[in-house]
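Working notes, structure below.
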Amino acid sequence: MTARNIARFWEWGRKIICVGRNYADHAKELKNAIPTEPVVFLKPPSAYLREGSPILVPLYSNDLHHEVELGVVIGKGGTAIPQSTAMEHVAGYALCLDMTARDIQEECKSKGLPWTMAKGFNTSCPVSDFIPKERIPDPGNVQLWLKVNGKVRQSGSTSQMIFSVPYLISYISDFISLEEGDLILTGTPKGVSAVQEHDELQAGIQDILTMNFKLVKQKSRI
Ligand SMILES: O=C([O-])CC(=O)C(=O)O
Ligand SMILES: [Mg+2]
């Protein structure tokens, strides 16, 4: 058996823990209140997607949105991690998309139901190559952007996050123990918009890396 490599964290089958509404301007554009505590939800590891494979537009959605986010890859597990030592648990980062079936999410919100169908479907978590920790000395100050068919839709800095990376690690680990290979998605800045079959997404993180994905409609069973 070959040793597992954290640089291929998406192959480990570990948790994808997502934080929502962590940028005030995005919370506002969707008419949500600014949170006083992090909004946390999960995606299954089967949601992972790598460059070269297409993002699927779920059959049941007519309003699929992109959300570009900084992902934090956990290198050392822990429970009830204090903020002061939280960064010791970070192995590195990844540029991530939190693909969201917005119409389904709205329906879930109005019925008080969980967001799993809106956020956890196959290919809902495209991820870049692993970015070693040293390449991002301050995760609270990096630029993220996303283009649809060459047009900039999202451009923001993680300095706009309401809850910082150390705060999130500490907060989450109080109720969900973190394990090596887990990924935390830290929320999206404003500018989310609908995408369709044949669209091309390009996202980038500062001058560190870019990634490209095409969209295709999920094939029907019949
Ligand atoms: O669906 C939402 O708006 C919540 C979310 O994931 C985010 O803010 O990144
Ligand atoms: Mg999100």
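FYI, nothing fancy with the structure tokens labels: chains A, B, ... in order, residues from 1 per chain, ligands from 1 as they appear.
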| request: Go through the chains and note each residue within 7 Å of ligand 1, using only C-alpha atoms and all ligand atoms, then give the set as an MDAnalysis selection string. | output: chainID A and resid 18:23 26:27 30 67 98 100 186:188
| task | Could you tell me, as JSON, numbers by chain, which residues of segment 143-208 of chain A DSSP assigns to strand (DSSP E or B) when given the backbone? | result | {"A": [143, 144, 145, 146, 147, 148, 151, 152, 153, 154, 155, 156, 157, 161, 178, 183, 184, 185, 194, 195, 200, 201, 202, 203, 204, 205]}
Go ahead and save the picked residues with C-alpha atoms, as a JSON list (two decimals), in the first residue's frame.
```json
[["chain", "number", "residue", "atom", "x", "y", "z"],
["A", 143, "GLN", "CA", -7.27, 37.64, -3.58],
["A", 144, "LEU", "CA", -9.80, 35.25, -5.12],
["A", 145, "TRP", "CA", -11.51, 35.70, -8.47],
["A", 146, "LEU", "CA", -13.79, 33.82, -10.85],
["A", 147, "LYS", "CA", -14.69, 34.40, -14.50],
["A", 148, "VAL", "CA", -17.58, 32.91, -16.49],
["A", 151, "LYS", "CA", -16.13, 37.80, -17.76],
["A", 152, "VAL", "CA", -15.18, 38.55, -14.14],
["A", 153, "ARG", "CA", -18.06, 37.69, -11.80],
["A", 154, "GLN", "CA", -16.37, 37.40, -8.43],
["A", 155, "SER", "CA", -13.32, 39.22, -7.14],
["A", 156, "GLY", "CA", -12.65, 39.57, -3.44],
["A", 157, "SER", "CA", -10.09, 39.35, -0.71],
["A", 161, "MET", "CA", -14.10, 37.34, 5.85],
["A", 178, "LEU", "CA", -10.92, 17.72, 12.66],
["A", 183, "LEU", "CA", -11.05, 20.44, 3.96],
["A", 184, "ILE", "CA", -12.72, 23.61, 5.24],
["A", 185, "LEU", "CA", -14.39, 25.89, 2.68],
["A", 194, "ALA", "CA", -26.06, 31.37, -12.55],
["A", 195, "VAL", "CA", -24.15, 29.12, -14.95],
["A", 200, "GLU", "CA", -16.52, 27.79, -18.94],
["A", 201, "LEU", "CA", -15.40, 28.75, -15.46],
["A", 202, "GLN", "CA", -11.95, 30.02, -14.65],
["A", 203, "ALA", "CA", -10.95, 30.78, -11.08],
["A", 204, "GLY", "CA", -7.73, 32.02, -9.56],
["A", 205, "ILE", "CA", -6.03, 32.77, -6.31]]
```
| request: Please provide the set of residues having any atom within 6 Å of segment 7-14 of chain A, restricted to only C-alpha atoms, with same-chain residues fewer than 6 positions apart removed, written as an NGL selection string. | output: :A and (45 or 130 or 181-182)
Keeping only C-alpha atoms, write the selected residues as a JSON list (two decimals), in the first residue's frame.
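Generated file (selection37.json):
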```
[["chain", "number", "residue", "atom", "x", "y", "z"],
["A", 45, "PRO", "CA", -16.24, 13.52, -0.23],
["A", 130, "PHE", "CA", -2.79, 21.55, -3.22],
["A", 181, "GLY", "CA", -7.13, 15.41, 5.15],
["A", 182, "ASP", "CA", -10.30, 17.34, 6.03]]
```
| message | Quick one: residues within 10 Å of Leu97 of chain A, only C-alpha atoms, excluding same-chain residues fewer than 5 positions away - as a list in words? | response | Tyr48, Leu49, His65, His66, Glu67, Val68, Glu69, Leu70, Gly71, Thr123, Ser124, Cys125, Pro126, Val127, Ser128, Leu146, Leu185, Gly187, Thr188 and Ala203 of chain A
Can you spit out the residues from that selection as a short mmCIF file (atom, residue, chain, number, x, y, z; two decimals), in the first residue's frame, using C-alpha atoms?
```cif
data_model
loop_
_atom_site.label_atom_id
_atom_site.label_comp_id
_atom_site.auth_asym_id
_atom_site.auth_seq_id
_atom_site.Cartn_x
_atom_site.Cartn_y
_atom_site.Cartn_z
CA TYR A 48 -14.86 16.34 -5.16
CA LEU A 49 -13.97 17.17 -8.76
CA HIS A 65 -24.46 29.09 -9.02
CA HIS A 66 -20.67 29.32 -8.69
CA GLU A 67 -19.09 30.30 -5.37
CA VAL A 68 -15.29 30.72 -5.35
CA GLU A 69 -13.74 30.01 -1.94
CA LEU A 70 -10.45 29.54 -0.12
CA GLY A 71 -10.15 25.94 1.09
CA THR A 123 -19.09 17.45 -8.71
CA SER A 124 -20.28 20.20 -6.34
CA CYS A 125 -16.76 20.65 -4.96
CA PRO A 126 -14.21 21.34 -7.70
CA VAL A 127 -10.72 21.77 -6.17
CA SER A 128 -7.36 23.01 -7.43
CA LEU A 146 -13.79 33.82 -10.85
CA LEU A 185 -14.39 25.89 2.68
CA GLY A 187 -17.24 31.07 2.29
CA THR A 188 -17.63 33.13 -0.84
CA ALA A 203 -10.95 30.78 -11.08
#
```
| So which bits of segment 63-114 of chain A end up helix (DSSP H, G or I) when you DSSP the backbone, as a list in words? |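 Reading the DSSP output for segment 63-114 of chain A, helix (DSSP H, G or I) covers Gln83, Ser84, Thr85, Ala86, Met87, Glu88, His89, Arg102, Asp103, Ile104, Gln105, Glu106, Glu107, Cys108, Lys109, Ser110 and Lys111 of chain A.
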| message | Give me, as a PyMOL selection string, all polymer residues having an atom no more than 7 Å from segment 51-59 of chain A, counting only C-alpha atoms and skipping those fewer than 5 positions away in the same chain. | response | chain A and resi 64+123+197+211-218
Put those residues in a file: N, CA and C atoms, as a PDB file, in the first residue's frame.
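In the end it all went to out-v7.pdb:
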```
ATOM      1  N   LEU A  64     -28.029  26.887 -11.200  1.00  0.00           N
ATOM      2  CA  LEU A  64     -26.772  26.471 -10.570  1.00  0.00           C
ATOM      3  C   LEU A  64     -25.842  27.672 -10.455  1.00  0.00           C
ATOM      4  N   THR A 123     -19.849  16.362  -8.058  1.00  0.00           N
ATOM      5  CA  THR A 123     -19.091  17.450  -8.714  1.00  0.00           C
ATOM      6  C   THR A 123     -19.350  18.823  -8.098  1.00  0.00           C
ATOM      7  N   GLU A 197     -25.046  24.751 -18.912  1.00  0.00           N
ATOM      8  CA  GLU A 197     -24.316  23.826 -19.762  1.00  0.00           C
ATOM      9  C   GLU A 197     -23.493  24.592 -20.800  1.00  0.00           C
ATOM     10  N   MET A 211      -7.543  27.720 -12.273  1.00  0.00           N
ATOM     11  CA  MET A 211      -8.116  26.423 -12.670  1.00  0.00           C
ATOM     12  C   MET A 211      -9.319  26.668 -13.567  1.00  0.00           C
ATOM     13  N   ASN A 212      -9.609  25.687 -14.430  1.00  0.00           N
ATOM     14  CA  ASN A 212     -10.666  25.804 -15.442  1.00  0.00           C
ATOM     15  C   ASN A 212     -11.609  24.610 -15.380  1.00  0.00           C
ATOM     16  N   PHE A 213     -12.894  24.894 -15.520  1.00  0.00           N
ATOM     17  CA  PHE A 213     -13.890  23.822 -15.553  1.00  0.00           C
ATOM     18  C   PHE A 213     -14.970  24.145 -16.577  1.00  0.00           C
ATOM     19  N   LYS A 214     -15.438  23.115 -17.261  1.00  0.00           N
ATOM     20  CA  LYS A 214     -16.580  23.241 -18.178  1.00  0.00           C
ATOM     21  C   LYS A 214     -17.815  22.684 -17.497  1.00  0.00           C
ATOM     22  N   LEU A 215     -18.989  23.136 -17.966  1.00  0.00           N
ATOM     23  CA  LEU A 215     -20.221  22.606 -17.393  1.00  0.00           C
ATOM     24  C   LEU A 215     -20.947  21.730 -18.402  1.00  0.00           C
ATOM     25  N   VAL A 216     -21.460  20.613 -17.926  1.00  0.00           N
ATOM     26  CA  VAL A 216     -22.334  19.776 -18.756  1.00  0.00           C
ATOM     27  C   VAL A 216     -23.559  19.400 -17.938  1.00  0.00           C
ATOM     28  N   LYS A 217     -24.665  19.178 -18.642  1.00  0.00           N
ATOM     29  CA  LYS A 217     -25.902  18.771 -17.951  1.00  0.00           C
ATOM     30  C   LYS A 217     -25.753  17.325 -17.521  1.00  0.00           C
ATOM     31  N   GLN A 218     -26.195  17.021 -16.312  1.00  0.00           N
ATOM     32  CA  GLN A 218     -26.210  15.632 -15.856  1.00  0.00           C
ATOM     33  C   GLN A 218     -27.080  14.814 -16.790  1.00  0.00           C
TER      34      GLN A 218
END
```
